[in-house]
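Novice: Dropping in model-v6.tsv, with TSV, C-alpha atoms and all ligand atoms.
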```tsv
chain	number	residue	atom	x	y	z
A	1	MET	CA	0.00	0.00	0.00
A	2	SER	CA	1.42	3.40	-0.89
A	3	ALA	CA	1.86	6.07	1.79
A	4	THR	CA	-0.52	9.02	1.81
A	5	ARG	CA	0.78	11.90	-0.26
A	6	ASN	CA	-0.84	15.01	1.16
A	7	ARG	CA	1.95	17.47	2.05
A	8	ILE	CA	1.46	20.75	0.22
A	9	GLU	CA	4.11	23.47	0.18
A	10	VAL	CA	2.36	26.82	-0.25
A	11	MET	CA	4.87	29.38	-1.56
A	12	HIS	CA	4.30	33.12	-1.88
A	13	GLY	CA	6.75	35.40	-3.63
A	14	VAL	CA	7.64	39.01	-3.94
A	15	ASN	CA	5.29	41.64	-2.46
A	16	LEU	CA	2.72	39.13	-1.29
A	17	ASP	CA	3.62	39.93	2.31
A	18	GLN	CA	2.05	43.32	1.53
A	19	LEU	CA	-1.44	41.90	1.01
A	20	GLY	CA	-3.86	44.03	2.97
A	21	ARG	CA	-2.00	47.15	1.78
A	22	ARG	CA	-2.11	46.35	-1.95
A	23	ASP	CA	-4.96	47.33	-4.28
A	24	PRO	CA	-8.00	45.56	-2.77
A	25	SER	CA	-9.83	45.62	-6.12
A	26	GLN	CA	-7.13	43.23	-7.45
A	27	TYR	CA	-6.04	41.35	-4.35
A	28	GLY	CA	-8.84	41.61	-1.79
A	29	ALA	CA	-8.48	42.75	1.79
A	30	LEU	CA	-6.92	39.73	3.53
A	31	THR	CA	-3.39	39.95	4.88
A	32	LEU	CA	-0.99	37.14	3.98
A	33	ALA	CA	-1.33	35.72	7.52
A	34	GLU	CA	-5.13	35.68	7.16
A	35	LEU	CA	-4.91	34.10	3.73
A	36	GLU	CA	-2.52	31.41	5.01
A	37	LEU	CA	-4.84	30.62	7.92
A	38	GLN	CA	-7.75	30.24	5.52
A	39	VAL	CA	-5.69	28.03	3.20
A	40	SER	CA	-4.54	25.81	6.09
A	41	GLU	CA	-8.15	25.38	7.27
A	42	THR	CA	-9.34	24.53	3.76
A	43	ALA	CA	-6.49	22.08	3.34
A	44	ALA	CA	-7.30	20.39	6.66
A	45	GLU	CA	-10.94	19.99	5.52
A	46	LEU	CA	-9.60	18.30	2.40
A	47	GLY	CA	-7.31	16.04	4.41
A	48	MET	CA	-4.14	17.81	3.33
A	49	LYS	CA	-1.22	19.22	5.29
A	50	THR	CA	0.21	22.64	4.49
A	51	ARG	CA	3.51	24.36	5.11
A	52	PHE	CA	3.93	28.01	4.19
A	53	PHE	CA	6.87	29.94	2.83
A	54	HIS	CA	7.21	33.58	1.82
A	55	THR	CA	10.16	35.66	0.73
A	56	ASN	CA	10.84	38.85	-1.18
A	57	HIS	CA	14.23	37.48	-2.29
A	58	GLU	CA	14.38	35.52	-5.53
A	59	GLY	CA	17.42	33.46	-4.49
A	60	ALA	CA	15.70	32.44	-1.24
A	61	PHE	CA	12.66	31.31	-3.23
A	62	VAL	CA	14.96	29.29	-5.50
A	63	GLU	CA	16.83	27.73	-2.56
A	64	HIS	CA	13.56	26.80	-0.87
A	65	LEU	CA	12.54	24.95	-4.03
A	66	HIS	CA	15.91	23.15	-3.94
A	67	ARG	CA	15.16	21.87	-0.44
A	68	LEU	CA	11.69	20.47	-1.08
A	69	GLU	CA	12.61	16.95	-2.09
A	70	ASP	CA	11.36	14.60	0.67
A	71	LEU	CA	9.61	17.48	2.48
A	72	ALA	CA	6.57	17.99	0.25
A	73	ASP	CA	4.42	16.03	-2.17
A	74	ALA	CA	3.19	19.00	-4.17
A	75	ILE	CA	3.58	22.75	-4.52
A	76	LEU	CA	1.00	25.53	-4.64
A	77	LEU	CA	2.84	28.65	-5.73
A	78	ASN	CA	2.12	32.30	-6.26
A	79	PRO	CA	5.47	33.82	-7.19
A	80	GLY	CA	3.92	37.30	-7.69
A	81	ALA	CA	5.71	39.34	-10.37
A	82	TRP	CA	8.47	36.70	-10.66
A	83	THR	CA	5.88	34.56	-12.46
A	84	HIS	CA	6.27	36.76	-15.49
A	85	TYR	CA	10.04	36.72	-15.94
A	86	SER	CA	12.07	34.60	-13.50
A	87	TYR	CA	13.81	31.83	-15.40
A	88	ALA	CA	15.75	31.08	-12.21
A	89	ILE	CA	12.51	30.17	-10.44
A	90	ARG	CA	11.35	28.25	-13.48
A	91	ASP	CA	14.55	26.16	-13.48
A	92	ALA	CA	14.29	25.52	-9.72
A	93	LEU	CA	10.63	24.50	-10.02
A	94	GLU	CA	11.57	22.05	-12.75
A	95	LEU	CA	14.33	20.68	-10.52
A	96	ALA	CA	11.90	20.25	-7.61
A	97	GLY	CA	10.07	17.76	-9.82
A	98	LEU	CA	6.81	17.88	-7.85
A	99	PRO	CA	3.28	18.43	-9.13
A	100	ALA	CA	2.62	22.16	-8.93
A	101	VAL	CA	-0.32	24.51	-9.36
A	102	GLU	CA	0.24	28.17	-10.23
A	103	ILE	CA	-2.12	30.53	-8.45
A	104	HIS	CA	-2.86	34.24	-8.67
A	105	LEU	CA	-5.39	36.21	-6.67
A	106	SER	CA	-6.02	38.60	-9.54
A	107	ASP	CA	-7.06	37.86	-13.10
A	108	VAL	CA	-3.61	38.31	-14.62
A	109	ASP	CA	-4.85	37.67	-18.17
A	110	SER	CA	-7.18	40.68	-18.10
A	111	ARG	CA	-4.57	43.04	-16.64
A	112	GLU	CA	-1.47	44.63	-18.22
A	113	GLU	CA	0.10	42.79	-21.16
A	114	TRP	CA	3.27	41.93	-19.22
A	115	ARG	CA	1.23	39.97	-16.68
A	116	HIS	CA	-0.17	37.66	-19.37
A	117	ARG	CA	3.11	35.81	-19.63
A	118	SER	CA	4.01	33.07	-17.18
A	119	VAL	CA	7.40	31.40	-17.42
A	120	ILE	CA	6.26	28.56	-15.12
A	121	ARG	CA	2.93	27.76	-16.74
A	122	ASP	CA	3.95	24.71	-18.72
A	123	LEU	CA	5.63	23.16	-15.65
A	124	CYS	CA	2.37	23.32	-13.67
A	125	ILE	CA	-0.50	20.89	-13.88
A	126	ALA	CA	-2.99	23.75	-13.57
A	127	ARG	CA	-3.32	27.47	-13.11
A	128	VAL	CA	-5.98	29.25	-11.07
A	129	ALA	CA	-6.26	33.04	-11.45
A	130	GLY	CA	-8.75	35.78	-10.72
A	131	LYS	CA	-10.71	33.94	-8.06
A	132	GLY	CA	-9.19	35.62	-5.01
A	133	PRO	CA	-8.69	33.50	-1.87
A	134	ALA	CA	-11.41	31.08	-3.04
A	135	GLY	CA	-9.08	30.04	-5.84
A	136	TYR	CA	-6.82	28.36	-3.29
A	137	ARG	CA	-9.56	25.81	-2.56
A	138	GLU	CA	-9.82	25.00	-6.25
A	139	ALA	CA	-6.04	24.66	-6.47
A	140	LEU	CA	-5.86	22.39	-3.42
A	141	GLU	CA	-8.64	20.21	-4.83
A	142	ARG	CA	-6.73	19.93	-8.09
A	143	LEU	CA	-3.59	18.85	-6.21
A	144	ARG	CA	-5.55	16.37	-4.12
A	145	THR	CA	-6.88	14.75	-7.29
A	146	GLU	CA	-3.38	14.62	-8.72
A	147	LEU	CA	-1.90	13.07	-5.58
A	148	SER	CA	-4.62	10.46	-5.27
A	149	THR	CA	-4.01	8.99	-8.72
B	1	LIG	C1	-0.21	38.13	-8.50
B	1	LIG	C2	-0.24	38.75	-9.91
B	1	LIG	C3	1.11	39.29	-10.30
B	1	LIG	O1	1.04	39.86	-11.61
B	1	LIG	C4	1.55	40.37	-9.34
B	1	LIG	O2	2.81	40.86	-9.68
B	1	LIG	C5	1.48	39.92	-7.92
B	1	LIG	C6	0.38	39.09	-7.48
B	1	LIG	C7	-1.61	37.72	-8.03
B	1	LIG	O3	-1.70	36.98	-7.05
B	1	LIG	O4	-2.60	38.16	-8.60
B	1	LIG	O5	2.30	40.32	-7.10
B	1	LIG	O6	0.60	36.97	-8.55
```
Rewrite the coordinates I just gave you, this time as structure tokens.
Specialist:
Amino acid sequence: MSATRNRIEVMHGVNLDQLGRRDPSQYGALTLAELELQVSETAAELGMKTRFFHTNHEGAFVEHLHRLEDLADAILLNPGAWTHYSYAIRDALELAGLPAVEIHLSDVDSREEWRHRSVIRDLCIARVAGKGPAGYREALERLRTELST
């Protein structure tokens, strides 16, 4: 019988620690701590375990991805603006080799042109965008399905 795979690493990147101060029409009113609490409760309901990581430093985000082997079964990541241009994060995500879902609070595809591009998109099994905090439930459900197969 295979062991349960339910450990989700939830990773937030640059400027996401400023939620609550950022434009609420794009990002809502929750702080990052409030969002993480909500995500951990949703994950628990779904029978999943969460660990959270945030940094404003690209190299720290990369090094955290390097360390994930054996610590997580899947990744839920919102790299913020790095999504649109960081090949370093893309390479580290590929190296992590875990199922990943890309998430954005705002609807990046209906915003400025430069936000339409994601350099991690093809490495992820799904992308959820524009659904605010509720999108994290959808992303967790997608990962649960992936991990159960
Ligand atoms: C974001 C969208 C990015 O374009 C932006 O730079 C962010 C947050 C989102 O969650 O909507 O910082 O990833």
Novice: Take the point (-2.9, 28.2, 6.1) as written in the file and pick out every residue within 12 Å of it, counting only C-alpha atoms; give the list as a PDB file with C-alpha atoms, in the frame of the given file.
Specialist:
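This is the output file out.pdb:
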```pdb
ATOM      1  CA  ILE A   8       1.460  20.750   0.220  1.00  0.00           C
ATOM      2  CA  GLU A   9       4.110  23.470   0.180  1.00  0.00           C
ATOM      3  CA  VAL A  10       2.360  26.820  -0.250  1.00  0.00           C
ATOM      4  CA  MET A  11       4.870  29.380  -1.560  1.00  0.00           C
ATOM      5  CA  HIS A  12       4.300  33.120  -1.880  1.00  0.00           C
ATOM      6  CA  THR A  31      -3.390  39.950   4.880  1.00  0.00           C
ATOM      7  CA  LEU A  32      -0.990  37.140   3.980  1.00  0.00           C
ATOM      8  CA  ALA A  33      -1.330  35.720   7.520  1.00  0.00           C
ATOM      9  CA  GLU A  34      -5.130  35.680   7.160  1.00  0.00           C
ATOM     10  CA  LEU A  35      -4.910  34.100   3.730  1.00  0.00           C
ATOM     11  CA  GLU A  36      -2.520  31.410   5.010  1.00  0.00           C
ATOM     12  CA  LEU A  37      -4.840  30.620   7.920  1.00  0.00           C
ATOM     13  CA  GLN A  38      -7.750  30.240   5.520  1.00  0.00           C
ATOM     14  CA  VAL A  39      -5.690  28.030   3.200  1.00  0.00           C
ATOM     15  CA  SER A  40      -4.540  25.810   6.090  1.00  0.00           C
ATOM     16  CA  GLU A  41      -8.150  25.380   7.270  1.00  0.00           C
ATOM     17  CA  THR A  42      -9.340  24.530   3.760  1.00  0.00           C
ATOM     18  CA  ALA A  43      -6.490  22.080   3.340  1.00  0.00           C
ATOM     19  CA  ALA A  44      -7.300  20.390   6.660  1.00  0.00           C
ATOM     20  CA  GLU A  45     -10.940  19.990   5.520  1.00  0.00           C
ATOM     21  CA  MET A  48      -4.140  17.810   3.330  1.00  0.00           C
ATOM     22  CA  LYS A  49      -1.220  19.220   5.290  1.00  0.00           C
ATOM     23  CA  THR A  50       0.210  22.640   4.490  1.00  0.00           C
ATOM     24  CA  ARG A  51       3.510  24.360   5.110  1.00  0.00           C
ATOM     25  CA  PHE A  52       3.930  28.010   4.190  1.00  0.00           C
ATOM     26  CA  PHE A  53       6.870  29.940   2.830  1.00  0.00           C
ATOM     27  CA  LEU A  76       1.000  25.530  -4.640  1.00  0.00           C
ATOM     28  CA  PRO A 133      -8.690  33.500  -1.870  1.00  0.00           C
ATOM     29  CA  TYR A 136      -6.820  28.360  -3.290  1.00  0.00           C
ATOM     30  CA  ARG A 137      -9.560  25.810  -2.560  1.00  0.00           C
ATOM     31  CA  LEU A 140      -5.860  22.390  -3.420  1.00  0.00           C
TER      32      LEU A 140
END
```
Novice: Taking all atoms listed in the file into account, which of A:His116, A:Arg67, A:Arg121, A:His57 comes nearest ligand LIG 1 (chain B)?
Specialist: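 When distances to ligand LIG 1 (chain B) are compared using all atoms listed in the file, the smallest one comes from A:His116.
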Novice: Counting all atoms listed in the file, what residues are within 8 Å of ligand LIG 1 (chain B), given as an MDAnalysis selection string?
Specialist: chainID A and resid 13:16 26:27 78:84 103:108 115 129:130 132
Novice: So, counting only C-alpha atoms, which residue among A:Ser148, A:Leu93, A:Ser86, A:Arg142 is closest to Ser118 (chain A)?
Specialist: A:Ser86
Novice: Identify the residues within 12 Å of coordinate (-7.3, 11.6, -3.9) (same frame as the file), considering only C-alpha atoms, and give the answer as a PyMOL selection string.
Specialist: chain A and resi 4-6+46-48+140-149
Novice: Can you tell me which residues surround Ala139 (chain A) at a distance of at most 9 Å, considering all atoms listed in the file, apart from same-chain residues fewer than 6 positions away, and format the answer as an NGL selection string?
Specialist: :A and (76 or 101-103 or 126-128)
Novice: Between CA of Leu30 (chain A) and CA of Val119 (chain A), what is the spacing in Å?
Specialist: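 Distance reported for this atom pair: 26.7 Å.
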Novice: From the set A:Leu68, A:Arg117, A:Lys131, A:Glu138, which residue has the shortest atom-to-atom contact distance to Ser25 (chain A), counting only C-alpha atoms?
Specialist: A:Lys131
Novice: Name all residues at most 12 Å from Ala96 (chain A) (count only C-alpha atoms; drop same-chain ones fewer than 2 positions away) and give them as a list in words.
Specialist: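 Residues near the query, excluding close chain neighbours: Glu9, Phe61, Val62, Glu63, His64, Leu65, His66, Arg67, Leu68, Glu69, Asp70, Leu71, Ala72, Asp73, Ala74, Ile75, Ile89, Arg90, Asp91, Ala92, Leu93, Glu94, Leu98, Pro99, Ala100, Leu123 and Cys124 of chain A.
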Novice: Expressed in Å to a single decimal, how great is the separation between CA of Glu113 (chain A) and CA of Gly59 (chain A)?
Specialist: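 One can read the CA of Glu113 (chain A) to CA of Gly59 (chain A) distance as 25.8 Å.
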Novice: Mind pulling up the distance from CA of Glu112 (chain A) to CA of Gly20 (chain A)?
Specialist: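 Straight-line distance from CA of Gly20 (chain A) to CA of Glu112 (chain A) works out to 21.3 Å.
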